[in-house]
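Student: Dropping in data.cif, with mmCIF, C-alpha atoms.
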```cif
data_run
#
loop_
_atom_site.label_atom_id
_atom_site.label_comp_id
_atom_site.auth_asym_id
_atom_site.auth_seq_id
_atom_site.Cartn_x
_atom_site.Cartn_y
_atom_site.Cartn_z
CA MET A 1 148.38 -168.59 32.97
CA ASN A 2 145.93 -169.94 30.39
CA PHE A 3 145.04 -166.88 28.31
CA GLU A 4 141.54 -166.85 26.80
CA PRO A 5 141.19 -163.88 24.45
CA LYS A 6 138.20 -161.59 24.29
CA ILE A 7 137.25 -161.35 20.62
CA LEU A 8 134.60 -159.06 19.16
CA GLY A 9 132.95 -159.92 15.84
CA PHE A 10 130.91 -157.67 13.54
CA LEU A 11 128.86 -159.99 11.33
CA CYS A 12 126.84 -159.06 8.27
CA ASN A 13 123.18 -159.96 8.75
CA TRP A 14 122.71 -161.49 5.30
CA CYS A 15 125.77 -163.73 5.03
CA SER A 16 128.18 -164.09 7.94
CA TYR A 17 125.56 -164.02 10.69
CA ALA A 18 123.57 -166.63 8.78
CA GLY A 19 126.79 -168.63 8.40
CA ALA A 20 127.31 -168.47 12.16
CA ASP A 21 123.72 -169.64 12.65
CA LEU A 22 124.32 -172.56 10.28
CA ALA A 23 127.46 -173.53 12.22
CA GLY A 24 125.36 -173.53 15.40
CA VAL A 25 122.45 -175.62 14.15
CA SER A 26 124.93 -178.00 12.48
CA ARG A 27 126.73 -178.43 15.84
CA ILE A 28 130.07 -177.45 14.32
CA GLN A 29 132.57 -176.83 17.11
CA TYR A 30 134.54 -173.58 17.39
CA PRO A 31 136.02 -171.58 20.31
CA PRO A 32 133.53 -169.69 22.51
CA ASN A 33 135.71 -166.56 22.66
CA LEU A 34 133.77 -164.62 20.00
CA ARG A 35 131.15 -162.08 21.05
CA VAL A 36 128.96 -161.14 18.08
CA ILE A 37 127.41 -157.84 17.04
CA ARG A 38 125.08 -158.24 14.07
CA VAL A 39 125.15 -155.41 11.53
CA MET A 40 123.04 -155.03 8.42
CA CYS A 41 126.16 -154.76 6.25
CA SER A 42 129.90 -155.03 6.80
CA GLY A 43 130.15 -151.59 5.19
CA ARG A 44 128.21 -150.25 8.18
CA VAL A 45 131.13 -150.97 10.52
CA ASP A 46 132.57 -147.55 11.27
CA PRO A 47 136.30 -147.38 12.16
CA GLU A 48 135.26 -145.82 15.48
CA PHE A 49 133.60 -149.14 16.44
CA ILE A 50 136.95 -150.91 16.10
CA PHE A 51 138.92 -148.37 18.13
CA GLU A 52 136.28 -148.27 20.86
CA GLY A 53 136.34 -152.07 20.98
CA PHE A 54 140.05 -152.05 21.70
CA LYS A 55 139.61 -149.30 24.30
CA VAL A 56 137.23 -151.47 26.33
CA GLY A 57 139.67 -154.37 26.38
CA CYS A 58 139.08 -156.57 23.33
CA ASP A 59 142.14 -158.62 22.39
CA GLY A 60 141.07 -159.04 18.77
CA ILE A 61 138.32 -157.81 16.45
CA ILE A 62 137.05 -159.50 13.29
CA ILE A 63 134.68 -158.18 10.63
CA MET A 64 132.84 -160.68 8.44
CA GLY A 65 130.83 -159.88 5.35
CA CYS A 66 129.48 -161.25 2.10
CA HIS A 67 131.91 -162.39 -0.59
CA PRO A 68 132.81 -159.70 -3.16
CA GLY A 69 130.07 -159.52 -5.76
CA ASP A 70 127.45 -160.99 -3.40
CA CYS A 71 126.73 -157.99 -1.18
CA HIS A 72 123.03 -157.56 -0.38
CA TYR A 73 123.58 -153.81 -0.82
CA LEU A 74 125.71 -154.24 -3.97
CA GLU A 75 128.90 -152.44 -2.86
CA GLY A 76 128.77 -152.46 0.94
CA ASN A 77 131.54 -155.02 1.31
CA TYR A 78 133.74 -152.98 -1.04
CA GLU A 79 133.36 -150.04 1.34
CA ALA A 80 134.13 -152.37 4.26
CA GLU A 81 137.36 -153.40 2.57
CA MET A 82 138.46 -149.79 2.08
CA LYS A 83 137.68 -148.96 5.72
CA TYR A 84 139.54 -152.05 6.85
CA GLU A 85 142.65 -151.10 4.86
CA MET A 86 142.61 -147.67 6.52
CA ILE A 87 142.03 -149.14 9.99
CA ALA A 88 144.89 -151.63 9.59
CA GLN A 89 147.32 -148.92 8.47
CA PHE A 90 146.37 -146.68 11.39
CA LEU A 91 146.70 -149.54 13.88
CA LYS A 92 150.28 -150.19 12.72
CA PHE A 93 151.26 -147.08 14.70
CA ILE A 94 150.52 -148.99 17.92
CA ASP A 95 151.31 -152.51 16.63
CA PHE A 96 147.64 -153.51 16.71
CA ASP A 97 147.22 -154.22 13.00
CA LYS A 98 147.51 -157.98 13.54
CA ARG A 99 144.65 -157.85 16.06
CA VAL A 100 142.03 -156.93 13.45
CA ARG A 101 140.87 -158.93 10.45
CA LEU A 102 138.36 -158.87 7.60
CA GLU A 103 136.92 -162.14 6.26
CA TRP A 104 134.23 -163.11 3.75
CA VAL A 105 131.80 -165.82 4.89
CA SER A 106 128.54 -166.66 3.09
CA ALA A 107 125.29 -167.94 4.58
CA SER A 108 126.05 -171.47 3.37
CA GLU A 109 129.57 -171.58 4.84
CA GLY A 110 129.02 -172.80 8.38
CA ASN A 111 132.23 -174.81 8.24
CA ARG A 112 134.21 -171.85 6.97
CA PHE A 113 132.80 -169.65 9.75
CA ALA A 114 134.01 -172.14 12.36
CA GLU A 115 137.42 -172.41 10.70
CA VAL A 116 137.85 -168.62 10.55
CA VAL A 117 136.89 -168.17 14.21
CA THR A 118 139.15 -171.05 15.30
CA GLU A 119 142.15 -169.78 13.34
CA PHE A 120 141.70 -166.16 14.47
CA THR A 121 141.31 -167.20 18.11
CA GLU A 122 144.55 -169.18 17.96
CA HIS A 123 146.24 -166.25 16.26
CA ILE A 124 145.19 -163.87 19.07
CA LYS A 125 146.24 -166.40 21.70
CA ASN A 126 149.71 -166.41 20.16
CA LEU A 127 149.83 -162.60 20.23
CA GLY A 128 148.83 -162.53 23.89
CA PRO A 129 146.59 -160.12 25.82
CA SER A 130 145.96 -156.65 24.46
CA PRO A 131 148.32 -154.00 25.87
CA LEU A 132 145.17 -151.95 26.51
CA ARG A 133 143.94 -154.31 29.21
CA ALA A 134 143.91 -152.25 32.40
CA GLU A 135 146.45 -154.37 34.29
CA LEU A 136 148.88 -154.17 31.35
CA LEU A 137 148.27 -150.58 30.24
CA GLU A 138 151.24 -148.88 28.56
CA ASP A 139 151.96 -145.22 29.26
CA ASP A 140 150.96 -143.39 26.07
CA ILE A 141 149.13 -146.04 24.05
CA LEU A 142 145.68 -144.65 24.92
CA GLU A 143 146.70 -141.20 23.71
CA LYS A 144 148.02 -142.70 20.47
CA LEU A 145 144.77 -144.60 19.99
CA GLU A 146 142.79 -141.40 20.60
CA ALA A 147 144.87 -139.66 17.92
CA ILE A 148 144.19 -142.57 15.55
CA GLU A 149 140.45 -142.37 16.21
CA MET A 150 140.42 -138.62 15.59
CA ALA A 151 142.46 -138.99 12.40
CA ALA A 152 140.32 -141.80 10.98
CA GLY A 153 137.19 -139.71 11.54
CA SER A 154 138.61 -136.64 9.81
CA TYR A 155 136.97 -135.27 6.67
CA ARG A 156 140.12 -135.94 4.64
CA MET A 157 140.24 -139.65 5.46
CA ARG A 158 136.51 -140.19 5.02
CA ALA A 159 136.66 -138.43 1.65
CA LEU A 160 139.54 -140.61 0.44
CA VAL A 161 137.81 -143.81 1.57
CA GLY A 162 134.54 -142.78 -0.04
CA ARG A 163 136.03 -141.64 -3.36
CA GLU A 164 138.76 -144.24 -3.94
CA ARG A 165 136.90 -146.10 -6.70
CA LYS A 166 135.84 -142.91 -8.46
CA LEU A 167 139.37 -141.51 -8.34
CA ILE A 168 141.07 -144.57 -9.87
CA GLU A 169 138.34 -145.62 -12.31
CA GLN A 170 137.18 -142.26 -13.70
CA LYS A 171 138.95 -139.29 -15.23
CA ASN A 172 138.56 -135.86 -13.65
CA VAL A 173 137.46 -132.71 -15.50
CA TYR A 174 141.01 -132.30 -16.80
CA GLY A 175 141.09 -135.79 -18.29
CA GLU A 176 143.43 -137.08 -15.59
CA GLN A 177 143.09 -140.44 -13.89
CA LEU A 178 144.93 -141.73 -10.82
CA SER A 179 146.64 -145.11 -10.91
CA LYS A 180 145.92 -147.46 -8.02
CA GLU A 181 149.58 -147.22 -6.99
CA LYS A 182 149.45 -143.41 -6.90
CA PHE A 183 146.23 -143.46 -4.89
CA GLU A 184 147.74 -145.89 -2.37
CA GLU A 185 150.73 -143.55 -1.99
CA ILE A 186 148.42 -140.56 -1.39
CA PHE A 187 146.31 -142.67 1.00
CA SER A 188 149.30 -143.84 3.07
CA ASN A 189 150.75 -140.32 3.26
CA ALA A 190 147.38 -138.95 4.38
CA ILE A 191 147.16 -141.58 7.12
CA ARG A 192 150.61 -140.66 8.41
CA ASP A 193 149.95 -136.90 8.20
CA GLU A 194 146.56 -137.01 9.95
CA TYR A 195 147.91 -139.25 12.71
CA VAL A 196 150.81 -136.89 13.47
CA ARG A 197 148.58 -133.80 13.28
CA ASN A 198 146.14 -135.24 15.78
CA ARG A 199 148.97 -136.23 18.09
CA ILE A 200 150.06 -132.60 17.95
CA LEU A 201 146.53 -131.46 18.82
CA LEU A 202 146.45 -133.81 21.80
CA SER A 203 149.91 -132.66 22.88
CA LEU A 204 148.63 -129.06 22.94
CA LYS A 205 145.38 -129.97 24.68
CA ASN A 206 146.47 -129.02 28.20
CA ASP A 207 149.33 -126.57 27.79
CA PRO A 208 151.13 -124.48 25.12
CA LYS A 209 154.29 -125.93 23.59
CA SER A 210 157.00 -124.92 21.16
CA VAL A 211 157.78 -126.86 18.01
CA LYS A 212 160.89 -128.22 19.73
CA ASP A 213 158.84 -129.41 22.73
CA ILE A 214 156.35 -131.23 20.49
CA ALA A 215 159.09 -132.79 18.38
CA LYS A 216 160.79 -134.11 21.49
CA GLN A 217 157.55 -135.57 22.85
CA LEU A 218 156.60 -137.20 19.54
CA LYS A 219 160.20 -138.20 18.71
CA ALA A 220 159.92 -136.47 15.36
CA ASP A 221 161.94 -134.03 13.29
CA PRO A 222 161.19 -130.40 14.29
CA SER A 223 160.93 -129.34 10.63
CA GLU A 224 158.21 -131.97 10.06
CA ILE A 225 156.34 -130.77 13.15
CA LEU A 226 156.53 -127.16 11.95
CA ASP A 227 155.04 -128.16 8.58
CA HIS A 228 152.12 -129.82 10.37
CA ILE A 229 151.68 -126.82 12.69
CA LEU A 230 151.32 -124.56 9.64
CA ILE A 231 148.61 -126.84 8.21
CA LEU A 232 146.80 -126.91 11.56
CA LYS A 233 146.96 -123.10 11.70
CA GLN A 234 145.36 -122.95 8.24
CA ARG A 235 142.59 -125.23 9.54
CA ALA A 236 142.08 -122.91 12.53
CA GLN A 237 142.90 -125.75 14.93
CA VAL A 238 146.13 -124.29 16.29
CA ALA A 239 147.20 -120.71 16.99
CA MET A 240 150.27 -118.97 18.34
CA GLY A 241 149.67 -118.34 22.01
CA SER A 242 152.76 -116.42 23.05
CA ILE A 243 156.41 -115.80 22.24
CA ILE A 244 158.94 -116.48 24.98
CA GLU A 245 162.58 -115.54 24.33
CA ASN A 246 161.91 -115.43 20.57
CA THR A 247 160.34 -118.91 20.63
CA PRO A 248 156.68 -119.21 19.56
CA PHE A 249 154.42 -121.34 21.75
CA TYR A 250 151.32 -122.84 20.15
CA VAL A 251 147.91 -123.64 21.62
CA ASN A 252 145.07 -125.95 20.60
CA VAL A 253 142.11 -123.68 19.79
CA THR A 254 139.66 -126.52 19.14
CA GLU A 255 139.22 -127.15 22.87
CA GLY A 256 136.53 -125.26 24.74
#
```
If you convert what's in this file into structure tokens, what do you get?
Tutor:
Amino acid sequence: MNFEPKILGFLCNWCSYAGADLAGVSRIQYPPNLRVIRVMCSGRVDPEFIFEGFKVGCDGIIIMGCHPGDCHYLEGNYEAEMKYEMIAQFLKFIDFDKRVRLEWVSASEGNRFAEVVTEFTEHIKNLGPSPLRAELLEDDILEKLEAIEMAAGSYRMRALVGRERKLIEQKNVYGEQLSKEKFEEIFSNAIRDEYVRNRILLSLKNDPKSVKDIAKQLKADPSEILDHILILKQRAQVAMGSIIENTPFYVNVTEG
């Protein structure tokens, strides 16, 4: 079967969308697989847009913005880059990280726009159809994607994305300053923690479970699950529902 991928593109109004327009009026050929959503700035692309795009069956998603230093809103593309790094790390949990890309294309780069779209289309063709296409749907991938979406929208992740530059470029009130390497370590650990915690919340959505039950379902170490349960209890998202034969069963108290 000749697979033609469905590709969604978020294009910055001031640069990439103008570059696409230039490619069109210049009659530069590129694959017709891209469906474009124009945004005022690449920094406006919320991670939720990407996850929802995959949910509705997109095989690949590309974000295009102004080159660094040329952003119409000064630092919007910097924010886009930070969001993209977070999105890509989250999508590794479901092997979707190669289905999303961030590229810089200016208003004068019609040829580059066509080259980027052509290369990305071929890349997605080589990967094959998205596992989220209805006829190919895998058992728990939607639940994992829901956990990713919840985690990416959490206050902790949004705070880290929004404060990355301040944290590594400025000293705090104690005269301390984070190195980029240390921040990246904190960032990666936060991504892993929030993903697992939201998988726990989804696991407890319909019925109470013990730590052992959750660990078995998530294929994780029970001691790690217990640590996350304690954090979720502190956040008032999980509570102990009952004790059966000396085993605590936990419930999700954020539902209803």
Student: List the spatial neighbours of region 23-35 of chain A as an mmCIF file with C-alpha atoms, keeping the file's coordinate frame - criterion: any atom at most 7 Å away, all atoms listed in the file, same-chain residues fewer than 4 positions off excluded.
Tutor:
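out_27.cif was written with the following content:
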```cif
data_model
loop_
_atom_site.group_PDB
_atom_site.id
_atom_site.type_symbol
_atom_site.label_atom_id
_atom_site.label_comp_id
_atom_site.auth_asym_id
_atom_site.auth_seq_id
_atom_site.Cartn_x
_atom_site.Cartn_y
_atom_site.Cartn_z
ATOM 1 C CA PRO A 5 141.190 -163.880 24.450
ATOM 2 C CA LYS A 6 138.200 -161.590 24.290
ATOM 3 C CA ILE A 7 137.250 -161.350 20.620
ATOM 4 C CA LEU A 8 134.600 -159.060 19.160
ATOM 5 C CA GLY A 9 132.950 -159.920 15.840
ATOM 6 C CA GLY A 19 126.790 -168.630 8.400
ATOM 7 C CA GLY A 110 129.020 -172.800 8.380
ATOM 8 C CA ASN A 111 132.230 -174.810 8.240
ATOM 9 C CA ALA A 114 134.010 -172.140 12.360
ATOM 10 C CA VAL A 117 136.890 -168.170 14.210
ATOM 11 C CA THR A 118 139.150 -171.050 15.300
#
```
Student: For the atom pair CA of Gln217 (chain A) and CA of Leu142 (chain A), what is the interatomic distance in Å to one decimal place?
Tutor: 15.1 Å
Student: Take CA of Tyr195 (chain A) and CA of Gly60 (chain A) and report the distance between them in Å, one decimal.
Tutor: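 Rounded to one decimal, the two atoms are 21.8 Å apart.
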Student: With only C-alpha atoms as the atoms that count, which of A:Gln234, A:Gln177, A:Ser188, A:Asn126 lies nearest to Met157 (chain A)?
Tutor: A:Ser188
Student: Of the candidates A:Gly69, A:Ala88, A:Ile214, A:Arg112, which shows the shortest atom-to-atom distance to Leu22 (chain A), using only C-alpha atoms?
Tutor: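 Of all the options, A:Arg112 lies closest to Leu22 (chain A).
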Student: Choose the residue, out of A:Asp221, A:Gly57, A:Ala190, A:Cys41, that has the smallest atom-to-atom separation from Leu74 (chain A); count all atoms listed in the file.
Tutor: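 Result for the nearest residue to Leu74 (chain A): A:Cys41.
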Student: Name the residues that the PyMOL selection byres ((chain A and resi 248) around 10) picks from the file above, as a PyMOL selection string, using the file's chain letters and numbers.
Tutor: chain A and resi 208-212+239-247+249-250
Student: Could you state the separation of CA of Lys98 (chain A) and CA of Cys66 (chain A) in Å, given to one decimal place?
Tutor: 21.6 Å
Student: Please determine, counting all atoms listed in the file, which residue among A:Ser108, A:Asn252, A:Ser130, A:Gln237 has the shortest atom-to-atom distance to Ile94 (chain A).
Tutor: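 Checking each of A:Ser108, A:Asn252, A:Ser130, A:Gln237 against Ile94 (chain A), counting all atoms listed in the file, the winner is A:Ser130.
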Student: Need the shell around Phe93 (chain A): protein/DNA/RNA residues with any atom at most 12 Å away, counting only C-alpha atoms. Skip same-chain ones fewer than 3 positions apart. Format as a list in words?
Tutor: Met86, Ile87, Ala88, Gln89, Phe90, Phe96, Asp97, Lys98, Asp140, Ile141, Leu142, Glu143, Lys144, Leu145, Glu146, Ala147, Ile148, Glu149, Ile191, Arg192, Tyr195, Val196 and Arg199 of chain A
Student: May I have the selected residues written with C-alpha atoms, as an mmCIF file, in the coordinates of the input?
Tutor:
```
data_model
loop_
_atom_site.group_PDB
_atom_site.id
_atom_site.type_symbol
_atom_site.label_atom_id
_atom_site.label_comp_id
_atom_site.auth_asym_id
_atom_site.auth_seq_id
_atom_site.Cartn_x
_atom_site.Cartn_y
_atom_site.Cartn_z
ATOM 1 C CA MET A 86 142.610 -147.670 6.520
ATOM 2 C CA ILE A 87 142.030 -149.140 9.990
ATOM 3 C CA ALA A 88 144.890 -151.630 9.590
ATOM 4 C CA GLN A 89 147.320 -148.920 8.470
ATOM 5 C CA PHE A 90 146.370 -146.680 11.390
ATOM 6 C CA PHE A 96 147.640 -153.510 16.710
ATOM 7 C CA ASP A 97 147.220 -154.220 13.000
ATOM 8 C CA LYS A 98 147.510 -157.980 13.540
ATOM 9 C CA ASP A 140 150.960 -143.390 26.070
ATOM 10 C CA ILE A 141 149.130 -146.040 24.050
ATOM 11 C CA LEU A 142 145.680 -144.650 24.920
ATOM 12 C CA GLU A 143 146.700 -141.200 23.710
ATOM 13 C CA LYS A 144 148.020 -142.700 20.470
ATOM 14 C CA LEU A 145 144.770 -144.600 19.990
ATOM 15 C CA GLU A 146 142.790 -141.400 20.600
ATOM 16 C CA ALA A 147 144.870 -139.660 17.920
ATOM 17 C CA ILE A 148 144.190 -142.570 15.550
ATOM 18 C CA GLU A 149 140.450 -142.370 16.210
ATOM 19 C CA ILE A 191 147.160 -141.580 7.120
ATOM 20 C CA ARG A 192 150.610 -140.660 8.410
ATOM 21 C CA TYR A 195 147.910 -139.250 12.710
ATOM 22 C CA VAL A 196 150.810 -136.890 13.470
ATOM 23 C CA ARG A 199 148.970 -136.230 18.090
#
```
Student: Between A:Arg44, A:His72, A:Lys55, A:Lys205, which has the minimum distance to Trp14 (chain A) (counting all atoms listed in the file)?
Tutor: A:His72
Student: Taking 5 positions as the minimum chain separation for residues in the same chain, which residues sit within 8 Å of Leu167 (chain A) when counting all atoms listed in the file? Answer as a PyMOL selection string.
Tutor: chain A and resi 172+177-178+183
Student: Between A:Lys125, A:Glu85, A:Glu119, A:Asp70, which has the minimum distance to Leu160 (chain A) (counting all atoms listed in the file)?
Tutor: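 For Leu160 (chain A), the nearest of the given residues is A:Glu85.
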Student: Excluding Glu224 (chain A) and its own-chain neighbours fewer than 4 positions away, which residues fall within 12 Å of it when counting all atoms listed in the file? Please give them as a list in words.
Tutor: Arg192, Asp193, Val196, Arg197, Ile200, Val211, Lys212, Ile214, Ala215, Lys216, Leu218, Lys219, Ala220, His228, Ile229, Leu230 and Ile231 of chain A
Student: Emit as lines of an AutoDock Vina configuration file the padded axis-aligned box for all listed atoms of region 21-38 of chain A, 3 Å per side, with centre and edge lengths in Å to one decimal.
Tutor:
```
center_x = 129.2
center_y = -168.1
center_z = 16.5
size_x = 19.6
size_y = 26.6
size_z = 18.4
```
Student: Using the chain letters and residue numbers of this document, give as an MDAnalysis selection string the residues selected by the PyMOL selection byres ((chain A and resi 15) around 6).
Tutor: chainID A and resid 12:14 16:18 66 106:107
Student: Please write the residues picked by the PyMOL selection byres ((chain A and resi 180) around 9) on this file as a PyMOL selection string.
Tutor: chain A and resi 164+167-169+178-179+181-185
Student: Do a neighbour search on Ile62 (chain A) at 6 Å with only C-alpha atoms, toss out local chain neighbours closer than 5 positions, and write the hits as a list of chain:residue names.
Tutor: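 Final neighbour list, sorted by chain and number: A:Gly9, A:Val100, A:Arg101, A:Leu102.
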Student: At most 10 Å from (133.7, -151.5, 0.5), file frame, all atoms listed in the file: which residues, as a ChimeraX atom specification?
Tutor: /A:42-44,68,71,74-85,161-162,164-165
